[in-house]
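Participant: The structure file start-v3.pdb (PDB, C-alpha atoms) is provided below.
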```
ATOM      1  CA  MET A   2       0.000   0.000   0.000
ATOM      2  CA  GLU A   3       1.471   3.352  -0.921
ATOM      3  CA  SER A   4       1.900   6.030   1.695
ATOM      4  CA  THR A   5      -0.897   8.221   0.258
ATOM      5  CA  ASP A   6      -3.266   5.244   0.266
ATOM      6  CA  MET A   7      -2.385   4.570   3.888
ATOM      7  CA  GLU A   8      -2.931   8.231   4.791
ATOM      8  CA  SER A   9      -6.372   8.119   3.161
ATOM      9  CA  LEU A  10      -7.246   4.900   4.985
ATOM     10  CA  LEU A  11      -6.155   6.307   8.317
ATOM     11  CA  ILE A  12      -8.103   9.522   7.770
ATOM     12  CA  VAL A  13     -11.237   7.525   6.894
ATOM     13  CA  LEU A  14     -10.736   5.533  10.094
ATOM     14  CA  GLY A  15     -10.522   8.783  12.033
ATOM     15  CA  VAL A  16      -6.836   8.501  12.863
ATOM     16  CA  PRO A  17      -4.933  11.783  12.625
ATOM     17  CA  VAL A  18      -1.932  11.465  10.326
ATOM     18  CA  LEU A  19       1.213  13.537  10.445
ATOM     19  CA  ALA A  20       3.014  14.027   7.139
ATOM     20  CA  GLY A  21       6.043  11.967   8.156
ATOM     21  CA  ALA A  22       4.137   9.330  10.139
ATOM     22  CA  VAL A  23       3.165   7.148   7.216
ATOM     23  CA  VAL A  24       6.538   5.873   6.095
ATOM     24  CA  GLY A  25       8.519   2.742   6.821
ATOM     25  CA  GLY A  26       8.287   1.378  10.340
ATOM     26  CA  ALA A  27       5.753   3.997  11.438
ATOM     27  CA  VAL A  28       3.235   2.497   9.033
ATOM     28  CA  LEU A  29       3.730  -0.895  10.597
ATOM     29  CA  GLY A  30       3.292   0.586  14.064
ATOM     30  CA  VAL A  31       0.057   2.295  13.036
ATOM     31  CA  LYS A  32      -1.162  -0.831  11.248
ATOM     32  CA  ALA A  33      -0.459  -2.985  14.287
ATOM     33  CA  VAL A  34      -2.257  -0.549  16.628
ATOM     34  CA  LEU A  35      -5.288  -0.533  14.353
ATOM     35  CA  GLY A  36      -5.279  -4.320  13.952
ATOM     36  CA  ILE A  37      -4.823  -4.035  10.193
ATOM     37  CA  LEU A  38      -2.002  -6.583  10.182
ATOM     38  CA  SER A  39      -3.334 -10.107  10.205
ATOM     39  CA  PRO A  40      -2.654 -12.048  13.410
ATOM     40  CA  LYS A  41      -0.069 -14.799  13.518
ATOM     41  CA  PRO A  42      -1.464 -18.127  12.338
ATOM     42  CA  PRO A  43      -2.397 -20.402  15.222
ATOM     43  CA  SER A  44      -0.782 -23.511  16.604
ATOM     44  CA  LEU A  45      -2.662 -26.786  16.398
ATOM     45  CA  VAL A  46      -2.037 -29.398  19.089
ATOM     46  CA  LEU A  47      -3.095 -33.007  18.600
ATOM     47  CA  VAL A  48      -3.369 -35.469  21.477
ATOM     48  CA  ILE A  49      -2.443 -38.947  20.259
ATOM     49  CA  SER A  50      -2.210 -42.255  22.112
ATOM     50  CA  ALA A  51       1.271 -43.656  22.686
ATOM     51  CA  SER A  52       0.167 -46.784  20.827
ATOM     52  CA  HIS A  53       0.965 -44.820  17.645
ATOM     53  CA  ALA A  54       4.574 -44.116  18.658
ATOM     54  CA  ASP A  55       6.087 -45.639  15.497
ATOM     55  CA  PHE A  56       4.077 -43.375  13.201
ATOM     56  CA  LEU A  57       4.900 -40.345  15.340
ATOM     57  CA  GLU A  58       8.618 -41.160  15.311
ATOM     58  CA  SER A  59       8.600 -41.082  11.503
ATOM     59  CA  LEU A  60       6.733 -37.765  11.635
ATOM     60  CA  LYS A  61       9.218 -36.385  14.164
ATOM     61  CA  ASP A  62      12.122 -37.135  11.835
ATOM     62  CA  LYS A  63      10.482 -35.503   8.793
ATOM     63  CA  LYS A  64       9.084 -32.392  10.512
ATOM     64  CA  GLN A  65       6.459 -32.072   7.780
ATOM     65  CA  ILE A  66       3.200 -33.738   6.804
ATOM     66  CA  ASP A  67       2.071 -35.223   3.499
ATOM     67  CA  VAL A  68      -1.556 -35.804   2.461
ATOM     68  CA  SER A  69      -1.724 -39.447   3.557
ATOM     69  CA  GLU A  70      -0.218 -38.546   6.933
ATOM     70  CA  GLY A  71      -2.865 -35.853   7.385
ATOM     71  CA  GLU A  72      -5.559 -38.477   6.886
ATOM     72  CA  GLN A  73      -3.819 -40.829   9.302
ATOM     73  CA  LEU A  74      -3.495 -38.051  11.878
ATOM     74  CA  TYR A  75      -7.243 -37.530  11.608
ATOM     75  CA  GLN A  76      -7.819 -41.211  12.389
ATOM     76  CA  ILE A  77      -5.479 -41.392  15.405
ATOM     77  CA  THR A  78      -6.134 -38.007  17.016
ATOM     78  CA  ARG A  79      -8.144 -38.283  20.227
ATOM     79  CA  TYR A  80      -8.378 -34.593  21.057
ATOM     80  CA  LEU A  81      -7.152 -31.328  19.599
ATOM     81  CA  TRP A  82      -6.627 -27.718  20.531
ATOM     82  CA  LEU A  83      -6.229 -24.603  18.412
ATOM     83  CA  GLY A  84      -4.826 -21.342  19.698
ATOM     84  CA  SER A  85      -1.930 -18.934  19.695
ATOM     85  CA  GLU A  86       1.616 -19.905  20.527
ATOM     86  CA  THR A  87       1.424 -17.548  23.513
ATOM     87  CA  GLU A  88      -1.716 -19.262  24.851
ATOM     88  CA  LEU A  89      -0.059 -22.642  24.418
ATOM     89  CA  SER A  90       3.050 -21.670  26.362
ATOM     90  CA  GLN A  91       0.852 -20.303  29.167
ATOM     91  CA  LYS A  92      -1.355 -23.392  29.350
ATOM     92  CA  ILE A  93       1.421 -25.976  29.423
ATOM     93  CA  PRO A  94       4.593 -24.142  30.459
ATOM     94  CA  HIS A  95       6.228 -27.130  32.161
ATOM     95  CA  ILE A  96       5.272 -29.943  29.811
ATOM     96  CA  ASN A  97       8.485 -31.846  30.604
ATOM     97  CA  GLU A  98       7.147 -32.508  34.107
ATOM     98  CA  TYR A  99       4.853 -35.060  32.477
ATOM     99  CA  SER A 100       7.591 -36.982  30.624
ATOM    100  CA  VAL A 101       7.502 -40.727  31.124
ATOM    101  CA  ALA A 102      10.723 -42.374  32.265
ATOM    102  CA  GLN A 103      11.915 -45.340  30.272
ATOM    103  CA  GLY A 104      10.585 -48.500  31.902
ATOM    104  CA  ALA A 105       7.598 -46.635  33.385
ATOM    105  CA  GLU A 106       5.522 -46.603  30.178
ATOM    106  CA  SER A 107       1.785 -47.140  30.344
ATOM    107  CA  GLU A 108      -0.883 -47.849  27.759
ATOM    108  CA  TYR A 109      -2.450 -44.549  28.826
ATOM    109  CA  ASN A 110       0.544 -42.417  27.797
ATOM    110  CA  ILE A 111       0.151 -39.841  25.047
ATOM    111  CA  TYR A 112       2.094 -37.671  22.660
ATOM    112  CA  LEU A 113       1.335 -34.059  21.845
ATOM    113  CA  VAL A 114       1.915 -33.029  18.253
ATOM    114  CA  GLU A 115       2.284 -29.273  17.849
ATOM    115  CA  ILE A 116       1.775 -27.988  14.325
ATOM    116  CA  LYS A 117       2.417 -24.351  13.575
ATOM    117  CA  LEU A 118      -0.104 -23.579  10.859
ATOM    118  CA  LYS A 119       0.773 -21.291   7.956
ATOM    119  CA  GLN A 120      -2.821 -20.108   7.965
ATOM    120  CA  SER A 121      -5.978 -20.766   9.924
ATOM    121  CA  ASP A 122      -8.607 -23.282   8.873
ATOM    122  CA  GLU A 123     -12.161 -23.313  10.229
ATOM    123  CA  GLY A 124     -12.102 -27.119  10.257
ATOM    124  CA  PHE A 125      -9.826 -27.192  13.297
ATOM    125  CA  LYS A 126     -12.085 -25.039  15.443
ATOM    126  CA  ARG A 127     -14.264 -26.379  18.228
ATOM    127  CA  ASN A 128     -17.733 -27.742  17.316
ATOM    128  CA  VAL A 129     -17.339 -28.182  13.547
ATOM    129  CA  ASN A 130     -18.888 -31.090  11.705
ATOM    130  CA  GLN A 131     -16.737 -34.137  11.010
ATOM    131  CA  LEU A 132     -16.639 -33.573   7.258
ATOM    132  CA  ASP A 133     -15.104 -30.120   7.743
ATOM    133  CA  ARG A 134     -12.724 -31.559  10.350
ATOM    134  CA  TYR A 135     -11.642 -34.345   7.987
ATOM    135  CA  ASP A 136     -11.122 -31.867   5.124
ATOM    136  CA  ALA A 137      -8.939 -29.703   7.373
ATOM    137  CA  PHE A 138      -6.758 -32.700   8.241
ATOM    138  CA  ARG A 139      -6.463 -33.573   4.551
ATOM    139  CA  LYS A 140      -5.195 -30.027   3.933
ATOM    140  CA  LEU A 141      -2.513 -30.311   6.615
ATOM    141  CA  ALA A 142       0.143 -30.981   3.972
ATOM    142  CA  ASP A 143      -0.416 -27.439   2.697
ATOM    143  CA  LEU A 144      -1.311 -25.782   6.020
ATOM    144  CA  ALA A 145       1.423 -27.173   8.260
ATOM    145  CA  GLY A 146       4.571 -25.261   8.975
ATOM    146  CA  ASN A 147       6.857 -26.588  11.679
ATOM    147  CA  VAL A 148       5.817 -29.891  13.291
ATOM    148  CA  LYS A 149       7.002 -30.925  16.760
ATOM    149  CA  VAL A 150       6.263 -34.231  18.467
ATOM    150  CA  SER A 151       6.629 -34.288  22.246
ATOM    151  CA  ASP A 152       8.324 -36.979  24.263
ATOM    152  CA  ARG A 153       6.072 -39.694  25.638
ATOM    153  CA  LEU A 154       3.894 -38.029  28.291
ATOM    154  CA  LYS A 155       1.557 -38.973  31.127
ATOM    155  CA  ILE A 156      -2.082 -38.512  30.192
ATOM    156  CA  GLU A 157      -2.402 -35.575  32.634
ATOM    157  CA  ALA A 158      -0.230 -33.474  30.312
ATOM    158  CA  TYR A 159      -3.180 -32.228  28.279
ATOM    159  CA  GLU A 160      -5.685 -31.616  31.092
ATOM    160  CA  LYS A 161      -5.000 -27.869  31.381
ATOM    161  CA  LEU A 162      -4.880 -27.328  27.647
ATOM    162  CA  GLY A 163      -8.650 -27.184  27.121
ATOM    163  CA  VAL A 164      -8.752 -29.731  24.325
ATOM    164  CA  TYR A 165     -11.889 -30.836  22.523
ATOM    165  CA  ASN A 166     -12.914 -34.055  20.788
ATOM    166  CA  ARG A 167     -11.727 -34.709  17.300
TER     167      ARG A 167
END
```
For this file, produce the structure as structure tokens.

Facilitator:
Amino acid sequence: MESTDMESLLIVLGVPVLAGAVVGGAVLGVKAVLGILSPKPPSLVLVISASHADFLESLKDKKQIDVSEGEQLYQITRYLWLGSETELSQKIPHINEYSVAQGAESEYNIYLVEIKLKQSDEGFKRNVNQLDRYDAFRKLADLAGNVKVSDRLKIEAYEKLGVYNR
């Protein structure tokens, strides 16, 4: 957007504009204050049973998702959560406290898969129909940025996250 266009937009929005205020970094500051910049894409967290550890290990090594893996993730996901990276770090700041020591594994253990999305998708939100949810998982190959798979965790690890059913 050119500086004159930005000045016009700001004037229409009722924001006083100084001649030198609509250049470079000042434009970004004004845009951010007004909420014109789009928010960061959310993080998606999947809660998956430890019985799928082999699949998750292959995913951990690749750090990306292809279409067939998106479909498989849909099938094996028990719960999910969608929110900002900031919210996530506040909800589960000490996730390592829930790590399972080798030899102490249980059938109830889980893994958390954190996927930084490149863009939001309505299909991952709470209370959507299963067809929309499935379509969103199929699009994960295109939507997924960085993928992180946690260590094996006790089931209590996701209690404070506010997850919802797949």

Participant: What's around Asp136 (chain A) at 12 Å? Count only C-alpha atoms, leave out sequence neighbours fewer than 2 positions away in its own chain, and write the answer as a ChimeraX atom specification.

Facilitator: /A:68,71-72,74-75,122-125,129-134,138-144

Participant: Selection in question (the file shown): the PyMOL selection byres ((chain A and resi 111-115) around 6). Which residues does it include, as a PyMOL selection string?

Facilitator: chain A and resi 45-51+110+116+148-151+153-154+156

Participant: The selected residues should be written to file as a PDB file, keeping the file's coordinate frame (atoms: C-alpha atoms).

Facilitator:
```pdb
ATOM      1  CA  LEU A  45      -2.662 -26.786  16.398  1.00  0.00           C
ATOM      2  CA  VAL A  46      -2.037 -29.398  19.089  1.00  0.00           C
ATOM      3  CA  LEU A  47      -3.095 -33.007  18.600  1.00  0.00           C
ATOM      4  CA  VAL A  48      -3.369 -35.469  21.477  1.00  0.00           C
ATOM      5  CA  ILE A  49      -2.443 -38.947  20.259  1.00  0.00           C
ATOM      6  CA  SER A  50      -2.210 -42.255  22.112  1.00  0.00           C
ATOM      7  CA  ALA A  51       1.271 -43.656  22.686  1.00  0.00           C
ATOM      8  CA  ASN A 110       0.544 -42.417  27.797  1.00  0.00           C
ATOM      9  CA  ILE A 116       1.775 -27.988  14.325  1.00  0.00           C
ATOM     10  CA  VAL A 148       5.817 -29.891  13.291  1.00  0.00           C
ATOM     11  CA  LYS A 149       7.002 -30.925  16.760  1.00  0.00           C
ATOM     12  CA  VAL A 150       6.263 -34.231  18.467  1.00  0.00           C
ATOM     13  CA  SER A 151       6.629 -34.288  22.246  1.00  0.00           C
ATOM     14  CA  ARG A 153       6.072 -39.694  25.638  1.00  0.00           C
ATOM     15  CA  LEU A 154       3.894 -38.029  28.291  1.00  0.00           C
ATOM     16  CA  ILE A 156      -2.082 -38.512  30.192  1.00  0.00           C
TER      17      ILE A 156
END
```

Participant: Just how far from CA of Ser90 (chain A) is CA of Pro42 (chain A), in Å to one decimal?

Facilitator: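 Here the two named atoms are 15.2 Å from each other.
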
Participant: Considering all atoms listed in the file, can you say which of A:Ile66, A:Ala145, A:Leu162, A:Ala54 comes closest to Ile96 (chain A)?

Facilitator: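 Of the candidates, the smallest distance to Ile96 (chain A) is held by A:Leu162.
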
Participant: Given all atoms listed in the file as the basis, pick out the residue of A:Asp152, A:Ile77, A:Lys117, A:Glu88 nearest to Lys61 (chain A).

Facilitator: A:Asp152

Participant: Measuring between all atoms listed in the file, which one of A:Val101, A:Ala137, A:Leu118, A:Ile93 shows the shortest distance to Tyr159 (chain A)?

Facilitator: A:Ile93

Participant: Please indicate the distance in Å from CA of Glu98 (chain A) to CA of Leu81 (chain A), rounded to one decimal place.

Facilitator: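 Computed distance, CA of Glu98 (chain A) to CA of Leu81 (chain A), equals 20.4 Å.
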
Participant: How many Å separate CA of Glu70 (chain A) from CA of Gly104 (chain A)?

Facilitator: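 Going from CA of Glu70 (chain A) over to CA of Gly104 (chain A) covers 29.0 Å.
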
Participant: Compare A:Lys63, A:Lys155, A:Glu58, A:Asn166 by their minimum atom-to-atom distance to Tyr99 (chain A), counting all atoms listed in the file, and give me the closest one.

Facilitator: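 So, comparing all the options, the nearest one is A:Lys155.
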